[in-house]
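Structure file upload.tsv with TSV, C-alpha atoms:
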```
chain	number	residue	atom	x	y	z
A	7	MET	CA	15.85	-5.69	-12.17
A	8	ALA	CA	16.41	-2.07	-11.40
A	9	ARG	CA	16.49	-0.62	-7.92
A	10	ALA	CA	16.08	3.07	-7.39
A	11	ARG	CA	16.13	5.16	-4.24
A	12	GLN	CA	14.45	8.52	-4.18
A	13	ARG	CA	13.83	11.13	-1.53
A	14	ALA	CA	11.21	13.87	-1.43
A	15	GLY	CA	9.56	16.09	1.16
A	16	ILE	CA	5.94	15.74	2.21
A	17	THR	CA	3.56	17.71	4.39
A	18	TRP	CA	2.48	15.64	7.32
A	19	THR	CA	-1.15	16.68	7.58
A	20	ALA	CA	-1.56	15.72	3.93
A	21	LEU	CA	0.18	12.40	4.52
A	22	LEU	CA	-2.22	11.45	7.31
A	23	ALA	CA	-5.26	12.52	5.34
A	24	THR	CA	-4.15	10.65	2.22
A	25	LEU	CA	-2.89	7.26	3.35
A	26	LEU	CA	-2.82	5.75	-0.10
A	27	ALA	CA	-2.77	7.38	-3.52
A	28	ALA	CA	-2.57	6.04	-7.05
A	29	ALA	CA	0.97	4.98	-8.02
A	30	ALA	CA	2.88	6.06	-11.12
A	31	CYS	CA	2.04	4.25	-14.31
A	32	ARG	CA	5.15	5.53	-16.10
A	33	GLY	CA	8.22	7.62	-15.48
A	34	THR	CA	10.10	8.06	-12.21
A	35	ALA	CA	8.11	7.78	-9.01
A	36	THR	CA	8.29	10.46	-6.34
A	37	ILE	CA	6.71	11.02	-2.96
A	38	THR	CA	4.10	13.69	-3.53
A	39	PRO	CA	2.49	16.03	-0.99
A	40	ALA	CA	-0.22	13.39	-0.78
A	41	GLY	CA	2.37	11.06	0.67
A	42	GLU	CA	2.32	8.35	-2.02
A	43	ALA	CA	4.46	7.41	-4.95
A	44	THR	CA	2.50	8.76	-7.88
A	45	ASP	CA	2.45	10.81	-11.04
A	46	ALA	CA	-1.25	10.20	-11.61
A	47	GLY	CA	-3.57	13.12	-10.92
A	48	GLY	CA	-6.95	12.31	-9.39
A	49	GLU	CA	-10.32	13.79	-10.21
A	50	ALA	CA	-13.05	14.77	-7.76
A	51	ALA	CA	-15.14	11.81	-6.65
A	52	GLU	CA	-18.79	11.38	-7.43
A	53	GLY	CA	-19.14	9.74	-4.04
A	54	PRO	CA	-17.84	6.70	-2.14
A	55	GLY	CA	-19.55	3.35	-2.30
A	56	GLU	CA	-20.97	1.62	0.72
A	57	VAL	CA	-18.54	-0.34	2.86
A	58	GLY	CA	-19.46	-3.93	3.66
A	59	GLU	CA	-17.87	-4.64	7.06
A	60	GLN	CA	-16.94	-8.16	8.05
A	61	ASP	CA	-14.44	-10.04	10.16
A	62	ALA	CA	-11.48	-11.53	8.36
A	63	SER	CA	-10.99	-15.23	8.89
A	64	ALA	CA	-7.20	-14.80	8.96
A	65	THR	CA	-5.55	-12.82	11.74
A	66	GLY	CA	-2.36	-12.06	9.86
A	67	GLU	CA	-0.24	-13.74	12.55
A	68	GLY	CA	2.22	-16.23	11.19
A	69	GLU	CA	1.63	-15.22	7.57
A	70	GLY	CA	5.22	-14.23	7.02
A	71	ALA	CA	6.48	-17.49	8.47
A	72	ALA	CA	4.32	-19.40	6.03
A	73	ALA	CA	5.86	-17.48	3.14
A	74	ASP	CA	9.42	-18.07	4.34
A	75	ASP	CA	9.04	-21.72	5.35
A	76	ALA	CA	7.89	-23.09	2.03
A	77	GLY	CA	9.83	-26.32	2.47
A	78	GLU	CA	13.40	-27.56	2.21
A	79	ASP	CA	13.22	-28.04	-1.56
A	80	ALA	CA	11.84	-24.57	-2.26
A	81	ALA	CA	14.14	-21.99	-3.83
A	82	PRO	CA	15.29	-19.31	-1.37
A	83	VAL	CA	13.13	-16.21	-1.43
A	84	GLU	CA	14.91	-13.00	-2.41
A	85	ARG	CA	13.79	-10.12	-0.23
A	86	PHE	CA	13.71	-6.42	-0.99
A	87	ALA	CA	14.24	-4.15	2.04
A	88	SER	CA	14.51	-0.46	2.81
A	89	ALA	CA	17.95	0.81	3.81
A	90	ASP	CA	16.67	1.81	7.25
A	91	GLY	CA	15.34	-1.70	7.89
A	92	LEU	CA	11.79	-0.56	8.59
A	93	VAL	CA	10.07	-2.47	5.77
A	94	SER	CA	10.82	-5.50	3.60
A	95	ALA	CA	8.97	-8.00	1.44
A	96	PRO	CA	9.64	-10.90	-0.95
A	97	ARG	CA	10.76	-9.58	-4.32
A	98	PRO	CA	8.40	-10.89	-7.04
A	99	ALA	CA	10.01	-13.69	-9.03
A	100	GLY	CA	10.65	-13.51	-12.75
A	101	GLU	CA	11.49	-10.78	-15.21
A	102	GLY	CA	9.70	-7.49	-15.78
A	103	TRP	CA	9.87	-6.06	-12.24
A	104	GLU	CA	11.31	-2.79	-10.97
A	105	CYS	CA	11.72	-2.37	-7.19
A	106	LEU	CA	12.41	0.97	-5.53
A	107	GLU	CA	12.65	2.58	-2.12
A	108	GLN	CA	11.42	6.01	-1.08
A	109	GLN	CA	11.88	8.02	2.10
A	110	ALA	CA	10.62	11.38	3.25
A	111	GLU	CA	13.37	13.92	3.72
A	112	PRO	CA	13.60	16.18	6.81
A	113	PRO	CA	12.00	18.40	7.94
A	114	SER	CA	9.04	16.26	6.85
A	115	PRO	CA	7.94	13.59	9.34
A	116	PRO	CA	9.47	10.15	8.77
A	117	ALA	CA	8.01	7.91	6.07
A	118	THR	CA	9.56	4.91	4.33
A	119	LEU	CA	8.11	2.77	1.57
A	120	ILE	CA	9.21	0.06	-0.79
A	121	LYS	CA	7.35	-0.99	-3.91
A	122	CYS	CA	7.81	-3.40	-6.77
A	123	ARG	CA	6.02	-2.63	-10.01
A	124	GLN	CA	5.72	-3.95	-13.53
A	125	ASP	CA	8.23	-2.18	-15.73
A	126	ASP	CA	5.83	-2.44	-18.68
A	127	ARG	CA	3.71	0.64	-17.93
A	128	ASP	CA	0.87	-0.68	-20.07
A	129	ARG	CA	0.60	-3.43	-17.44
A	130	PHE	CA	0.09	-0.98	-14.60
A	131	PHE	CA	0.49	-2.92	-11.35
A	132	PHE	CA	2.47	-2.54	-8.13
A	133	VAL	CA	2.78	-3.95	-4.61
A	134	MET	CA	3.89	-1.75	-1.71
A	135	VAL	CA	4.78	-1.68	2.00
A	136	LYS	CA	4.89	1.64	3.88
A	137	ASP	CA	5.66	2.90	7.39
A	138	SER	CA	4.55	6.47	8.12
A	139	GLU	CA	5.01	8.25	11.45
A	140	VAL	CA	2.54	10.87	12.65
A	141	PRO	CA	2.87	13.55	15.34
A	142	ALA	CA	0.85	13.08	18.52
A	143	SER	CA	-1.66	15.78	17.59
A	144	GLU	CA	-2.68	13.91	14.42
A	145	ARG	CA	-2.91	10.34	15.70
A	146	ARG	CA	-6.15	8.42	15.37
A	147	ASP	CA	-7.15	4.78	15.48
A	148	VAL	CA	-7.34	2.60	12.40
A	149	ASP	CA	-11.14	2.79	12.14
A	150	ARG	CA	-11.12	6.58	12.04
A	151	LEU	CA	-8.35	6.56	9.45
A	152	VAL	CA	-10.28	4.19	7.23
A	153	ASP	CA	-13.74	5.63	7.77
A	154	GLU	CA	-12.84	9.33	7.70
A	155	ALA	CA	-9.56	9.85	5.82
A	156	LEU	CA	-9.76	7.30	3.03
A	157	PRO	CA	-13.08	8.47	1.53
A	158	ARG	CA	-11.66	12.00	1.26
A	159	THR	CA	-8.42	10.66	-0.20
A	160	TYR	CA	-10.02	8.52	-2.85
A	161	GLY	CA	-12.55	11.21	-3.61
A	162	GLU	CA	-9.65	13.42	-4.69
A	163	LEU	CA	-7.68	10.71	-6.49
A	164	PHE	CA	-10.38	8.97	-8.50
A	165	ALA	CA	-13.26	9.99	-10.71
A	166	ARG	CA	-15.26	7.37	-8.82
A	167	PHE	CA	-14.54	4.54	-6.42
A	168	GLU	CA	-16.26	1.90	-4.30
A	169	ILE	CA	-15.00	0.02	-1.26
A	170	THR	CA	-16.49	-3.37	-2.09
A	171	ARG	CA	-15.32	-5.18	1.03
A	172	SER	CA	-13.91	-4.23	4.43
A	173	ALA	CA	-12.58	-6.75	6.92
A	174	LYS	CA	-11.14	-6.49	10.42
A	175	VAL	CA	-7.69	-8.05	10.75
A	176	GLU	CA	-5.29	-8.50	13.64
A	177	ARG	CA	-1.56	-9.09	13.88
A	178	HIS	CA	0.01	-9.96	17.21
A	179	GLY	CA	-2.78	-8.15	19.05
A	180	ILE	CA	-2.67	-5.02	16.87
A	181	ARG	CA	-5.96	-4.29	15.13
A	182	GLY	CA	-6.11	-3.42	11.48
A	183	ARG	CA	-8.44	-3.15	8.50
A	184	GLU	CA	-8.27	-4.69	5.05
A	185	LEU	CA	-10.08	-3.12	2.10
A	186	TRP	CA	-10.88	-4.16	-1.46
A	187	ILE	CA	-11.51	-1.21	-3.76
A	188	GLU	CA	-12.82	-0.74	-7.30
A	189	ALA	CA	-12.05	2.67	-8.77
A	190	GLU	CA	-11.84	4.60	-11.99
A	191	HIS	CA	-9.01	7.06	-12.59
A	192	ALA	CA	-9.52	9.96	-14.99
A	193	ARG	CA	-6.35	9.13	-16.95
A	194	MET	CA	-5.62	5.48	-16.22
A	195	GLY	CA	-9.10	4.03	-16.33
A	196	LYS	CA	-10.32	1.21	-14.09
A	197	ILE	CA	-8.22	0.36	-11.04
A	198	ARG	CA	-8.44	-2.52	-8.56
A	199	LYS	CA	-6.82	-2.26	-5.13
A	200	ARG	CA	-6.31	-4.28	-1.95
A	201	VAL	CA	-4.84	-2.61	1.13
A	202	ARG	CA	-4.20	-3.73	4.72
A	203	ILE	CA	-3.70	-0.94	7.29
A	204	PHE	CA	-2.55	-1.04	10.92
A	205	VAL	CA	-1.91	1.70	13.46
A	206	ASN	CA	0.68	1.11	16.17
A	207	GLY	CA	1.40	4.15	18.32
A	208	PRO	CA	2.62	6.91	15.98
A	209	HIS	CA	3.03	4.54	13.03
A	210	ILE	CA	0.61	4.01	10.14
A	211	LEU	CA	1.58	0.71	8.54
A	212	GLU	CA	0.33	-0.35	5.12
A	213	ILE	CA	0.59	-3.32	2.79
A	214	SER	CA	-1.08	-2.89	-0.59
A	215	ALA	CA	-1.47	-3.99	-4.20
A	216	GLU	CA	-2.95	-1.96	-7.03
A	217	GLY	CA	-3.34	-2.22	-10.77
A	218	ARG	CA	-5.49	-2.58	-13.84
A	219	PRO	CA	-8.18	-5.19	-13.08
A	220	GLU	CA	-7.00	-7.76	-15.63
A	221	VAL	CA	-3.38	-7.51	-14.44
A	222	PHE	CA	-4.39	-7.39	-10.76
A	223	ASP	CA	-6.40	-10.60	-11.12
A	224	ALA	CA	-3.56	-12.37	-12.90
A	225	MET	CA	-1.18	-11.36	-10.09
A	226	GLY	CA	-3.08	-13.22	-7.37
A	227	PRO	CA	-0.10	-15.39	-6.28
A	228	VAL	CA	2.23	-12.36	-6.26
A	229	ILE	CA	-0.22	-10.39	-4.11
A	230	ASP	CA	-0.72	-13.24	-1.66
A	231	ALA	CA	3.03	-13.78	-1.30
A	232	TRP	CA	3.63	-10.05	-0.81
A	233	PHE	CA	0.95	-9.70	1.86
A	234	ALA	CA	2.08	-12.87	3.66
A	235	GLY	CA	5.79	-12.06	3.52
A	236	ALA	CA	5.77	-8.33	4.24
A	237	ARG	CA	7.73	-7.34	7.33
A	238	LEU	CA	7.37	-4.06	9.21
A	239	ALA	CA	9.71	-3.34	12.10
A	240	ASN	CA	6.98	-1.36	13.86
A	241	LEU	CA	4.41	-4.13	13.43
A	242	PRO	CA	5.86	-6.97	15.56
```
For the file at hand, write its structure as structure tokens.
Amino acid sequence: MARARQRAGITWTALLATLLAAAACRGTATITPAGEATDAGGEAAEGPGEVGEQDASATGEGEGAAADDAGEDAAPVERFASADGLVSAPRPAGEGWECLEQQAEPPSPPATLIKCRQDDRDRFFFVMVKDSEVPASERRDVDRLVDEALPRTYGELFARFEITRSAKVERHGIRGRELWIEAEHARMGKIRKRVRIFVNGPHILEISAEGRPEVFDAMGPVIDAWFAGARLANLP
């Protein structure tokens, strides 16, 4: 399994306004001005779908412990972590995975992400954890980020998209939102995405999975393990 580390500058206003973008389906990933690892260009949206709001049954607390304490007989979980220690997650088991780290480079505001993706680009799929830091003048709560910024972001990235489900989540008293998204990209076709977002002070904290629908559905156990085992230093 390959591990790559890349650095690129980003503009901070763009990073806040575009929390999550489509990830690269081939080639070397970079942090773009949109703030995400991508080489996929988005088309203008025809309009966002309606968001169905509901409370999540799980709070997110203790999820990581469940992933790590799988029992005495379970094989030890290999973790993939950023060099600065801000984010880590269980590396997906088996062959065919590439994991990489990315960090924003000064003078851009701090941002660190890790992602593991299928190295077969025809099986476009990745899981990601990201910690982004925003200046005081651009901070907003998680609901405003989700309700105001994401529709603009996805409207630029995808030819069309729909947020099919939105749930409130909580981790150690910090409120968050979890979204399930169906989208169509001009070049890559249909995309399925799940993302969990928290805001803690200046930090925007994200855990996500994205890919072609048939691959995404087959990766259910990988997604669940990634979401349960993700660790963010700024999300206690």
Open item on the list: With all atoms listed in the file as the counted atoms, please give the residues lying no more than 6 Å from range 85-99 of chain A, apart from itself and same-chain residues fewer than 6 positions off, as number ranges by chain.
Closed with: A: 235-239
Please dump the current selection as a CSV table (one decimal), in the frame of the given file; keep C-alpha atoms.
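Output saved as result06.csv:
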```csv
chain,number,residue,atom,x,y,z
A,235,GLY,CA,5.8,-12.1,3.5
A,236,ALA,CA,5.8,-8.3,4.2
A,237,ARG,CA,7.7,-7.3,7.3
A,238,LEU,CA,7.4,-4.1,9.2
A,239,ALA,CA,9.7,-3.3,12.1
```
Task: Among the residues A:Thr170, A:Arg129, A:Gly100, A:Asn240, the one that comes closest to Ala224 in chain A [using all atoms listed in the file] - done: A:Arg129
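Of the residues under consideration (A:Glu84, A:Asp125, A:Asp137, A:Glu176), A:Asp137 shows the shortest atom-to-atom contact distance to Gln108 in chain A when counting all atoms listed in the file.
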Open item on the list: Every residue with an atom at most 9 Å from (6.3, -2.1, -13.9) (file coordinates; all atoms listed in the file) is what I'm after, so could you write them as a ChimeraX atom specification?
Closed with: /A:31-32,102-105,122-132
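In this comparison, which uses only C-alpha atoms, the residue of A:Ser214, A:Leu156, A:Asp149, A:Ala117 approaching Arg183 in chain A most closely is A:Asp149.
Interatomic distance, CA of Ala234 in chain A against CA of Arg177 in chain A: 11.5 Å.
For the atom pair formed by CA of Gly195 in chain A and CA of Glu101 in chain A, the distance is 25.4 Å, given to one decimal.
The coordinates place CA of Val140 in chain A at 16.7 Å from CA of Gly182 in chain A.
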Open item on the list: Using all atoms listed in the file for the distances, tell me which of A:Phe233, A:Trp186, A:Phe164, A:Phe222 is nearest to Val135 in chain A.
Closed with: A:Phe233
Please determine an axis-aligned box that encloses all atoms of range 130-133 of chain A listed in the file, with 3 Å added on each side, and express its centre and edge lengths in Å to one decimal as AutoDock Vina command-line options.
```
--center_x 1.4 --center_y -2.5 --center_z -9.6 --size_x 8.7 --size_y 9.0 --size_z 16.0
```
Open item on the list: From the options A:Glu212, A:Pro116, A:Phe204, A:Val133, which residue's atoms come nearest to Met225 in chain A, counting all atoms listed in the file?
Closed with: A:Val133
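Around the point (-11.0, -0.7, -10.0), within 8 Å and counting only C-alpha atoms, we find these residues: A:Phe167, A:Ile187, A:Glu188, A:Ala189, A:Glu190, A:Lys196, A:Ile197, A:Arg198, A:Lys199, A:Gly217, A:Arg218, A:Pro219.
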